[in-house]
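Chemist: One structure coming up, written as structure tokens, with questions to follow.
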Amino acid sequence: MCLLKQLLAMAALVPSLAFAQAPIKVGITNDLSGPFAALGAEARDGFNLAIKQLGGKLGGKPAEFLQTDMGGNPDQARQLVNRYIQRDKIDFFTGPIGSNVALAVGPVLFAAKIPYLSNNPGPSQFAGAQCNDYWFGVSYQNDAFHEAAGKVAADRGFKNMVIMAPDYPAGKDALNGFKRGYKSTVGQEVYTKLGQIDYAAELAQLRDAKPEAVYIFLPGGMGINFIKQFVSAGLNKSIKLVGPGFSADEDVIRAVGDPMLGMFNTAQWAHDLDNAQNKMFVEAFRKEYKDRMPSVYAAQAYDVIMAIDAAVKATNGNVADRAAVLTALKKADFASVRGPFTYGVNNFPIQPYYVRLIEKNAAGQITNKLVGKVFDSYQDVYVGECKK
Amino acid sequence: MSSTLIAEQLLNGLQFGLMLFLIAAGLTLVFGILDILNVAHGSLYMAGAYVAAQTMQVTQSFVAAVVVAAVVTGLVGLVLELVLIRRLVIRDHLAQVLGTFAVILIANDVVKMIWGPAPMMMSMPPALSGPVQLLPDLMYPAYRLLIIAVGLAAALGLYLFVTRTKAGVLVRAGASNRQMATLMGVRVPLLFLGVFVLGAMLAALAGALLGPVTAIQTGMGEQILILVLVCIVIGGIGSMRGAFVGALLVGFVDTAGRAFLPSLLKIFFLPAVASSVGPTLAALSIYILMAVVLVFRPSGLFPARG
Amino acid sequence: MRPTLFNAKIFSALGLVLLLAFPLLAPALNLDFYVSFVRRVLIFALAATSLNFILGYGGMVALGHAAFFGAGAYVVAMLSVQGVSQALIAWPAAMLAAGALAFVIGVISLRTRGVYFIMITLAFAQMVFYLFISLRQYGGEDGINLAGPTLIPGFNLADDRTFYYVVLCVVLVCVWWLNRLIQARFGQALQGIRENESRMEALGYPVFRIKLLAFVIAGAMAGLAGALLASHNQFVSPSLMHWTASANLIIMVIVGGIGLRYGGLVGAAVMLWLEEVLRLYTDYWHLPLGVLLLAIVLFAPRGLAGMFNQGGTR
């Protein structure tokens with residue numbers, strides 16, 4: 001019995017001895033089923049490419065990446081995050097595509113002092129009143145793409161615009177963001193049903209209103225439906241189509257094809273952005289994934305892993321020292337595929353935004369082409385509400 | 001609001017209604033004859049869309065896409081009927097709903113395994129990809145006119161089939177009194193198989209036809225199934241006439257709701273209220289319609305069985 | 001007959017002991033996380049049991065039960081945002097609200113029969129879903145976080161274990177009460193209505209009122225489960241009311257054992273555990289769930305509890 005007690009005591013010590021060599025754990029909740037399955041798959045490809053390039057390590061130290069599907073469901077994501085925190089004891093978190101999931105799991109992670117690096121959502125709540133040191137909106141703030149698009153529309157002199165989004169808070173935020181960038185009054189604001197399939201009624205209204213351009217925020221399948229029907233109605237000949245980058249990226253192009261030609265869209269990244277890291281990333285992505293062009297979701301996911309890698313390197317693998325990790329992350333001292341950027345007080349990026357046009361490239365493929373810069377260094381409008 | 005706009009919106013309502021009818025027809029046919037509520041009908045629709053898209057990508061021929069989609073989905077329907085549906089036919093409605101719901105779960109993953117999670121592309125046949133001039137200032141998408149044409153043709157075809165052909169008479173006999181029909185020499189199991197395959201092919205036709213104007217992705221079946229269920233409930237489950245009327249009603253109410261409700265509300269209420277309440281009401285409109293119909297006619301407008 | 005009863009009693013007693021002891025044993029077995037997991041199972045078990053009451057015993061196939069579940073959850077969240085975090089106010093309020101919603105929906109829906117009833121309950125659930133999505137001030141599609149943990153004077157619900165026992169207590173009381181109700185005249189009448197409605201009507205029973213009352217009770221109980229989930233998750237979102245959530249509840253009841261006393265409990269435990277586990281091994285986890293559901297429907301229509309309960313206690 002005495003020997004047994006000794007052995008048990010030693011066994012109890014082992015975890016703390018092994019502490020220095022315990023792998024650094026990154027918890028990732030994927031969207032591989034549910035409303036964002038297509039985007040989640042892109043993000044996962046971005047994650048995996050980065051993980052492969054780093055040899056499965058972070059900052060040179062052994063790392064473990066836990067990836068599980070939560071199907072875009074906030075309730076299930078919450079369960080998963082609880083497990084990651086309590087059972088797996090993760091050190092970093094990323095993964096969700098939807099803002100609703102980010103808002104659901106954020107507070108739990110912040111309370112557990114686990115840095116959450118966002119590979120997509122940038123909810124205004126986390127930019128303003130609920131800002132938190134453990135949040136890093138690595139990708140963008142949700143309103144940014146819309147404001148940039150508004151400015152693009154204003155710069156190009158599109159008059160009598162019709163703007164359209166689904167009838168839910170993100171949709172309303174999107175159109176408000178657009179109006180801020182556009183500055184003049186829009187012709188008409190139209191709200192559609194979430195998950196709507198047929199847009200004939202809205203297209204008829206559009207034809208009747210005769211705007212010079214229409215701005216749409218219709219994520220996922222909704223955008224695909226609308227664009228196909230818009231072109232089929234012949235409206236693309238007289239009305240310009242403008243959208244945020246995530247409604248016009250590679251995944252949508254692959255699903256829609258020709259009808260998307262001529263669409264303007266805004267994003268903080270384009271695959272033909274001219275910097276060394278991006279060139280390397282795009283080439284590596286195409287090699288790994290059968291000549292497929294990466295979308296903004298893959299690029300953002302890739303950046304997140306690289307950001308974590310840089311932070312771990314800076315703290316020399318001592319991720320238990322959260323303060324040091326936060327300081328390292330805040331520096332954003334890694335080679336991002338969109339070029340260098342800094343964080344605002346609310347941990348959202350201050351960075352340039354570009355306008356892209358969908359056209360055929362030299363090889364005859366339909367893809368986005370970078371055609372201009374909209375903002376040199378844009379900061380979100382909610383930062384003032386963040387009192388830290 | 002110009003009269004051209006109103007005319008266009010009426011056409012839109014008709015088109016949306018006929019779109020829904022194409023899917024509702026198969027579902028209500030199967031329910032009327034086999035007495036089974038097959039919620040996997042949406043998955044057959046999805047299969048049709050995917051196969052059509054794949055065929056279109058390979059052959060660039062729209063006609064081929066539609067035909068191959070119908071044939072392949074018909075075969076899938078055949079297998080499904082032999083393996084599962086005939087076992088569910090004798091069970092209660094709850095078992096039928098759950099059994100076919102299980103098929104939805106399986107089908108979504110199988111489709112994802114074959115084609116991946118990203119939406120599929122199906123391009124529109126070039127000949128129909130632009131608008132057509134119907135009135136001096138009414139340009140209407142040619143493709144939607146095709147949908148209207150096919151929808152009306154299908155309605156007429158099914159009507160003639162059920163009332164005029166010998167097979168149709170057998171189908172009605174099998175529905176009204178299975179035992180009697182069997183005693184009179186009708187091979188009821190074969191009949192049911194035929195009806196189910198026909199239903200599957202109708203769903204596939206709808207899927208192939210709607211492929212160029214909708215997003216082809218997993219879960220597309222369930223999205224439209226909810227609307228279709230509302231149609232057949234309003235019309236009366238099991239009744240082809242009911243499916244037609246129900247689908248058109250839903251098509252018109254939904255389109256009118258989206259097109260005119262926000263403007264209508266602006267007349268009576270503040271713009272701020274109108275723009276926030278309007279879209280919500282429009283989204284709820286078809287469900288409210290269904291609830292109202294069921295309050296006065298608990299079995300729908302044209303119940304198939306008394 | 002005797003051996004079957006014997007088995008059922010032993011199993012339920014064993015189950016009860018395990019549930020009571022689990023949080024105490026968990027730390028030793030390094031299963032701390034699973035205390036909150038089992039708590040979640042208990043909450044869904046309550047919701048499934050409430051559905052089983054009207055589905056299994058009442059024969060009412062309600063495909064919109066998640067609406068009451070979600071409504072209860074939202075009431076707690078809304079009260080929390082307005083500053084009310086007392087469980088003894090919030091949870092009964094949730095039950096009241098969900099029960100009221102069930103009354104309104106029931107009064108209209110129960111006029112219909114069979115597959116129409118299924119559809120109209122689904123339609124109402126969709127209406128509630130879209131309504132909550134459009135509620136800007138309560139988060140809409142994003143949902144809302146609660147302002148803080150729910151409070152009961154004398155108990156610290158922020159502690160995993162304490163909350164577990166509170167939930168266990170509530171769930172056991174409710175399940176026990178429902179079972180008593182089933183044995184009582186009301187429950188017997190309800191089952192009679194399921195068997196043959198016209199006969200019951202001919203015998204003079206107020207059929208509509210009985211069904212409506214059962215529907216309201218089930219709705220209120222689902223609302224309570226929703227309230228518990230809101231406190232458990234500290235978060236609510238409209239996805240709780242999506243029609244797939246209703247479908248999941250029905251699946252739990254079927255898999256567990258429709259019309260059987262512990263069908264809801266068994267079903268919730270099995271389905272939630274499977275969802276948890278399958279996800280770890282494959283991205284295509286809907287497929288095995290579909291296969292299981294199909295197998296149950298075809299080969300074990302009385303559910304898993306039914307397999308251990310050949311002919312026994314209903």
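Naming scheme: A, B, ... for chains in displayed order of the structure tokens; residues 1 onward per chain; ligands 1 onward as shown.
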Do you have, as JSON lines, the list of residues of chain C lying at most 6 Å from chain B, each with its nearest atom pair and that distance in Å to one decimal, counting only C-alpha atoms and ordered by chain then number?
Modeler:
```
{"residue": "C:Thr112", "atom": "CA", "partner": "B:Pro298", "partner_atom": "CA", "distance": 5.0}
{"residue": "C:Ala123", "atom": "CA", "partner": "B:Tyr287", "partner_atom": "CA", "distance": 5.7}
{"residue": "C:Met127", "atom": "CA", "partner": "B:Leu284", "partner_atom": "CA", "distance": 5.9}
{"residue": "C:Tyr284", "atom": "CA", "partner": "B:Asp109", "partner_atom": "CA", "distance": 5.9}
{"residue": "C:His286", "atom": "CA", "partner": "B:Leu105", "partner_atom": "CA", "distance": 5.5}
{"residue": "C:Leu287", "atom": "CA", "partner": "B:Ile106", "partner_atom": "CA", "distance": 4.5}
{"residue": "C:Gly290", "atom": "CA", "partner": "B:Ala102", "partner_atom": "CA", "distance": 4.3}
{"residue": "C:Leu293", "atom": "CA", "partner": "B:Ala102", "partner_atom": "CA", "distance": 5.9}
{"residue": "C:Leu294", "atom": "CA", "partner": "B:Gly99", "partner_atom": "CA", "distance": 5.4}
```
Chemist: Residues at most 7 Å from stretch 225-229 of chain A, counting only C-alpha atoms, excluding those fewer than 6 positions away in the same chain, as a ChimeraX atom specification?
Modeler: /A:197,199,256,259 /B:213-215
Chemist: List every residue of stretch 21-165 of chain A that DSSP, applied to the backbone, labels as strand (DSSP E or B), and write the result as a VMD selection string.
Modeler: chain A and resid 24 to 30 57 to 58 61 to 69 92 to 94 116 to 117 135 to 136 162 to 165
Chemist: Can I get the selected residues back with C-alpha atoms, as a compact mmCIF listing (two decimals), in the first residue's frame?
Modeler:
```txt
# COMPACT_ATOMS: atom_id res chain seq x y z
CA ILE A 24 0.17 23.59 -27.32
CA LYS A 25 -3.48 23.01 -28.06
CA VAL A 26 -5.55 24.95 -30.54
CA GLY A 27 -9.28 24.28 -30.46
CA ILE A 28 -11.01 24.74 -33.80
CA THR A 29 -14.75 24.41 -34.33
CA ASN A 30 -15.48 23.91 -37.99
CA LYS A 57 4.15 22.77 -34.77
CA LEU A 58 3.69 26.22 -33.39
CA LYS A 61 7.13 23.58 -30.33
CA PRO A 62 4.86 20.52 -30.54
CA ALA A 63 1.22 21.43 -31.06
CA GLU A 64 -2.14 19.74 -31.31
CA PHE A 65 -4.99 21.01 -33.43
CA LEU A 66 -8.45 19.79 -32.41
CA GLN A 67 -10.93 20.16 -35.23
CA THR A 68 -14.60 19.26 -34.84
CA ASP A 69 -17.70 20.12 -36.80
CA PHE A 92 -6.07 29.10 -28.35
CA PHE A 93 -9.40 29.05 -30.14
CA THR A 94 -10.62 29.74 -33.65
CA TYR A 116 -10.01 33.73 -29.52
CA LEU A 117 -8.61 34.64 -32.92
CA TRP A 135 -10.57 38.68 -28.61
CA PHE A 136 -8.61 39.21 -31.81
CA VAL A 162 -31.20 50.05 -54.29
CA ILE A 163 -29.67 48.19 -51.38
CA MET A 164 -30.80 44.75 -50.31
CA ALA A 165 -30.21 42.42 -47.39
```
Chemist: Looking only at alpha helix (DSSP H) from DSSP on the backbone, list the matching residues of stretch 225-369 of chain A as a ChimeraX atom specification.
Modeler: /A:225-232,250-256,276-288,296-314,322-331
Chemist: Taking only C-alpha atoms into account, report as a list in words which residues of chain A lie within 7 Å of chain C.
Modeler: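 Contact residues on the first chain: Leu32, Thr68, Asp69, Asn73, Arg83, Gln86, Arg87, Ser99, Asn100, Ala104, Asp167, Tyr168 and Pro169 of chain A.
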